[in-house]
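Presented below is the structure to which this report refers.
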Amino acid sequence: MEIGGGFRVPDVMEQSGAKLIEVGTTNRTHRRDYEMALVTKDVAAIVRAHSSNFRTVGFTTEVPLSGLVELANWKNIPLIDDLGSGALLDTAQYGLAHEPTVQESVAAGAHVICFSGDKLLGGPQAGIVVGQEQYVQPLKKHPLARALRIDKLDLAALSATLVHYLKGEATQKIPVWRMISLPLSEIERQAQTFAQQLQAAGFTADVMDGQSTVGGDRCRVKRCPLSWLRSR
């Protein structure tokens, strides 16, 4: 997987000195593929990287997170779940494709969960790690932890963002969720208002249906009215 800026997850992992073991194939990976690797090789952890901004469709098979957790527990090794976007709310209730949530990963028993503080979480750019104490505590004591920690301003912004979730007001207070949850009628009202303002300024503006992508291809498109601008 390659993420923004051309950084590739395997390259990042290899910087730690880890030896990566490929399991299965690009489109079809079965539980038996993991079992074979766990039996025949010296494995320290299982890593699952969620494809948050692309999809492999068609003739495909993958092992569910719960199955990977069972395998990790069987070998007494951690399951590291790289969720990417860090959704805390269900995107499906707003007409988008379901994005796995942090709560679902925790409930499935993932030992270490990594996700972004920005993107769907809606806070400052940061990396967040949650999980079982025996695996998270060593990360806090690693020599690089101090060099990579976020500053006080970002920490304050992240704290304020999470408080909105605790209060149940994320869709009213967090910009990304306020826009995602905006009903079509409100989007149309805003488009009509914008069109009227343009007309008052001497332009010709029409409102028409269109499609836009929410979150830079992280969710499927949704229909919305747009103001179409033409100069007189």
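Simple scheme: letters A, B, ... for chains in structure tokens order, numbers from 1 for residues in each chain, numbers from 1 for ligands in the order shown.
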- Message: When you look at Val23 (chain A) with a cut-off of 8 Å (counting only C-alpha atoms), what residues show up, excluding the ones that are within fewer than 4 positions of it in the same chain? I need them as a PyMOL selection string.
- Response: chain A and resi 29+33-34+37
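Summary of the local environment: counting only C-alpha atoms, residues at most 12 Å from Leu71 (chain A), other than itself and those fewer than 2 positions away along its chain, are Arg31, Arg32, Asp33, Tyr34, Glu35, Met36, Ala37, Leu38, Val39, Val43, Ala45, Ile46, Val47, Val63, Pro64, Leu65, Ser66, Gly67, Leu68, Val69, Asn73, Trp74, Lys75, Asn76, Ile77, Pro78, Leu79, Gly109 and Ala110 of chain A.
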- Between CA of His50 (chain A) and CA of Leu121 (chain A), what is the spacing in Å?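 Answer for the CA of Leu121 (chain A) to CA of His50 (chain A) separation: 15.6 Å.
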- Query: Closest to Val102 (chain A) among A:Pro183, A:Pro10, A:Gly131, A:Gly123, using only C-alpha atoms?
  - Reply: A:Gly131
- Check the DSSP output for the backbone and give back, as number ranges by chain, the residues of region 82-193 of chain A in alpha helix (DSSP H). A: 102-108, 133-140, 144-148, 152-166, 170-173, 175-180, 184-193
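Take CA of Arg28 (chain A) and CA of Glu62 (chain A): the distance between them is 6.1 Å.
Closest to Lys41 (chain A) among A:Ala72, A:Ala97, A:Ile21, A:Val57 is A:Ile21, based on only C-alpha atoms.
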- Task: Assign secondary structure with DSSP using the backbone only, and return the residues of region 4-231 of chain A in strand (DSSP E) as a PyMOL selection string.
- Result: chain A and resi 46-49+79-84+112-116+127-131+204-212+222-230
Take the residues just selected and output them with N, CA and C atoms as a tab-separated table (two decimals), in the first residue's frame.
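Once everything was written out, this is out.tsv:
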chain	number	residue	atom	x	y	z
A	46	ILE	N	1.05	-10.09	13.39
A	46	ILE	CA	0.24	-10.06	12.17
A	46	ILE	C	-0.21	-8.62	11.97
A	47	VAL	N	-0.06	-8.10	10.76
A	47	VAL	CA	-0.44	-6.73	10.46
A	47	VAL	C	-1.54	-6.73	9.39
A	48	ARG	N	-2.62	-6.03	9.69
A	48	ARG	CA	-3.67	-5.81	8.69
A	48	ARG	C	-3.74	-4.33	8.37
A	49	ALA	N	-3.60	-3.97	7.09
A	49	ALA	CA	-3.69	-2.57	6.67
A	49	ALA	C	-4.99	-2.40	5.90
A	79	LEU	N	-1.97	-8.73	17.07
A	79	LEU	CA	-2.57	-8.37	15.78
A	79	LEU	C	-2.59	-6.85	15.71
A	80	ILE	N	-1.86	-6.28	14.76
A	80	ILE	CA	-1.78	-4.84	14.57
A	80	ILE	C	-2.73	-4.46	13.44
A	81	ASP	N	-3.70	-3.62	13.76
A	81	ASP	CA	-4.71	-3.22	12.78
A	81	ASP	C	-4.49	-1.75	12.40
A	82	ASP	N	-4.04	-1.53	11.17
A	82	ASP	CA	-3.84	-0.18	10.66
A	82	ASP	C	-5.13	0.27	9.99
A	83	LEU	N	-5.92	1.07	10.70
A	83	LEU	CA	-7.24	1.48	10.20
A	83	LEU	C	-7.20	2.65	9.24
A	84	GLY	N	-6.16	3.45	9.30
A	84	GLY	CA	-6.06	4.57	8.38
A	84	GLY	C	-6.86	5.79	8.81
A	112	VAL	N	-3.34	-4.01	18.86
A	112	VAL	CA	-2.83	-2.66	18.63
A	112	VAL	C	-3.58	-2.08	17.43
A	113	ILE	N	-4.09	-0.86	17.57
A	113	ILE	CA	-4.86	-0.22	16.51
A	113	ILE	C	-4.25	1.14	16.20
A	114	CYS	N	-3.93	1.38	14.94
A	114	CYS	CA	-3.32	2.64	14.52
A	114	CYS	C	-4.27	3.37	13.58
A	115	PHE	N	-4.38	4.69	13.75
A	115	PHE	CA	-5.22	5.48	12.85
A	115	PHE	C	-4.82	6.95	12.95
A	116	SER	N	-5.36	7.74	12.05
A	116	SER	CA	-5.00	9.15	11.95
A	116	SER	C	-5.85	10.01	12.90
A	127	GLY	N	-0.76	10.81	14.51
A	127	GLY	CA	-0.92	9.37	14.51
A	127	GLY	C	-1.34	8.91	15.89
A	128	ILE	N	-2.36	8.06	15.96
A	128	ILE	CA	-2.89	7.61	17.25
A	128	ILE	C	-2.75	6.09	17.34
A	129	VAL	N	-2.33	5.63	18.49
A	129	VAL	CA	-2.20	4.20	18.75
A	129	VAL	C	-3.01	3.87	20.00
A	130	VAL	N	-3.93	2.94	19.89
A	130	VAL	CA	-4.67	2.45	21.05
A	130	VAL	C	-4.55	0.93	21.07
A	131	GLY	N	-4.78	0.34	22.23
A	131	GLY	CA	-4.71	-1.11	22.31
A	131	GLY	C	-4.45	-1.61	23.71
A	204	THR	N	-24.61	35.13	-14.17
A	204	THR	CA	-25.70	34.18	-14.37
A	204	THR	C	-25.32	32.88	-13.67
A	205	ALA	N	-26.16	32.41	-12.75
A	205	ALA	CA	-25.85	31.21	-11.98
A	205	ALA	C	-27.07	30.32	-11.90
A	206	ASP	N	-26.88	29.05	-12.18
A	206	ASP	CA	-27.95	28.06	-12.11
A	206	ASP	C	-27.57	26.98	-11.11
A	207	VAL	N	-28.55	26.38	-10.46
A	207	VAL	CA	-28.33	25.27	-9.54
A	207	VAL	C	-28.71	23.98	-10.25
A	208	MET	N	-27.80	23.01	-10.24
A	208	MET	CA	-28.04	21.75	-10.93
A	208	MET	C	-27.49	20.59	-10.10
A	209	ASP	N	-28.04	19.39	-10.32
A	209	ASP	CA	-27.56	18.20	-9.61
A	209	ASP	C	-26.16	17.83	-10.08
A	210	GLY	N	-25.36	17.30	-9.15
A	210	GLY	CA	-24.02	16.83	-9.49
A	210	GLY	C	-23.58	15.78	-8.50
A	211	GLN	N	-22.38	15.33	-8.63
A	211	GLN	CA	-21.82	14.35	-7.72
A	211	GLN	C	-20.47	14.83	-7.22
A	212	SER	N	-20.20	14.57	-5.97
A	212	SER	CA	-18.91	14.92	-5.39
A	212	SER	C	-18.44	13.79	-4.50
A	222	LYS	N	-21.72	11.02	-3.30
A	222	LYS	CA	-23.10	11.31	-2.98
A	222	LYS	C	-23.57	12.46	-3.86
A	223	ARG	N	-24.85	12.47	-4.19
A	223	ARG	CA	-25.39	13.51	-5.07
A	223	ARG	C	-25.60	14.80	-4.29
A	224	CYS	N	-25.33	15.91	-4.94
A	224	CYS	CA	-25.59	17.19	-4.31
A	224	CYS	C	-25.81	18.25	-5.39
A	225	PRO	N	-26.62	19.27	-5.11
A	225	PRO	CA	-26.81	20.35	-6.07
A	225	PRO	C	-25.61	21.30	-6.05
A	226	LEU	N	-25.28	21.81	-7.20
A	226	LEU	CA	-24.14	22.70	-7.32
A	226	LEU	C	-24.57	24.01	-7.97
A	227	SER	N	-23.87	25.07	-7.64
A	227	SER	CA	-24.11	26.34	-8.34
A	227	SER	C	-23.20	26.38	-9.56
A	228	TRP	N	-23.80	26.60	-10.71
A	228	TRP	CA	-23.05	26.63	-11.95
A	228	TRP	C	-22.91	28.09	-12.38
A	229	LEU	N	-21.69	28.58	-12.51
A	229	LEU	CA	-21.44	29.99	-12.74
A	229	LEU	C	-21.13	30.25	-14.21
A	230	ARG	N	-21.81	31.24	-14.78
A	230	ARG	CA	-21.50	31.69	-16.13
A	230	ARG	C	-21.45	33.22	-16.10
- Query: What does the distance between CA of Phe203 (chain A) and CA of Ala191 (chain A) come to in Å, to one decimal place?
  - Reply: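 CA of Phe203 (chain A) sits 14.6 Å away from CA of Ala191 (chain A).
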Hey, could you make a per-residue contact list for region 79-127 of chain A against region 166-171 of chain A with 10 Å as the cut-off, showing the nearest pair of atoms and its distance in Å to one decimal, counting only C-alpha atoms, sorted by chain and number, as a Markdown table?
| residue | atom | partner | partner_atom | distance |
| --- | --- | --- | --- | --- |
| A:Leu88 | CA | A:Ala170 | CA | 9.6 |
| A:Leu89 | CA | A:Ala170 | CA | 8.8 |
| A:Leu121 | CA | A:Ala170 | CA | 9.5 |
| A:Gly122 | CA | A:Ala170 | CA | 9.1 |
For region 35-133 of chain A versus region 141-159 of chain A, which residues have an atom no more than 8 Å away, and what is each residue's nearest atom pair and distance in Å rounded to one decimal, using only C-alpha atoms, chain-then-number order, as a Markdown table?
| residue | atom | partner | partner_atom | distance |
| --- | --- | --- | --- | --- |
| A:Gly117 | CA | A:Leu158 | CA | 7.1 |
| A:Gly123 | CA | A:Leu158 | CA | 5.3 |
| A:Pro124 | CA | A:Asp154 | CA | 6.0 |
| A:Gln125 | CA | A:Asp154 | CA | 7.8 |
| A:Ala126 | CA | A:Ile150 | CA | 7.0 |
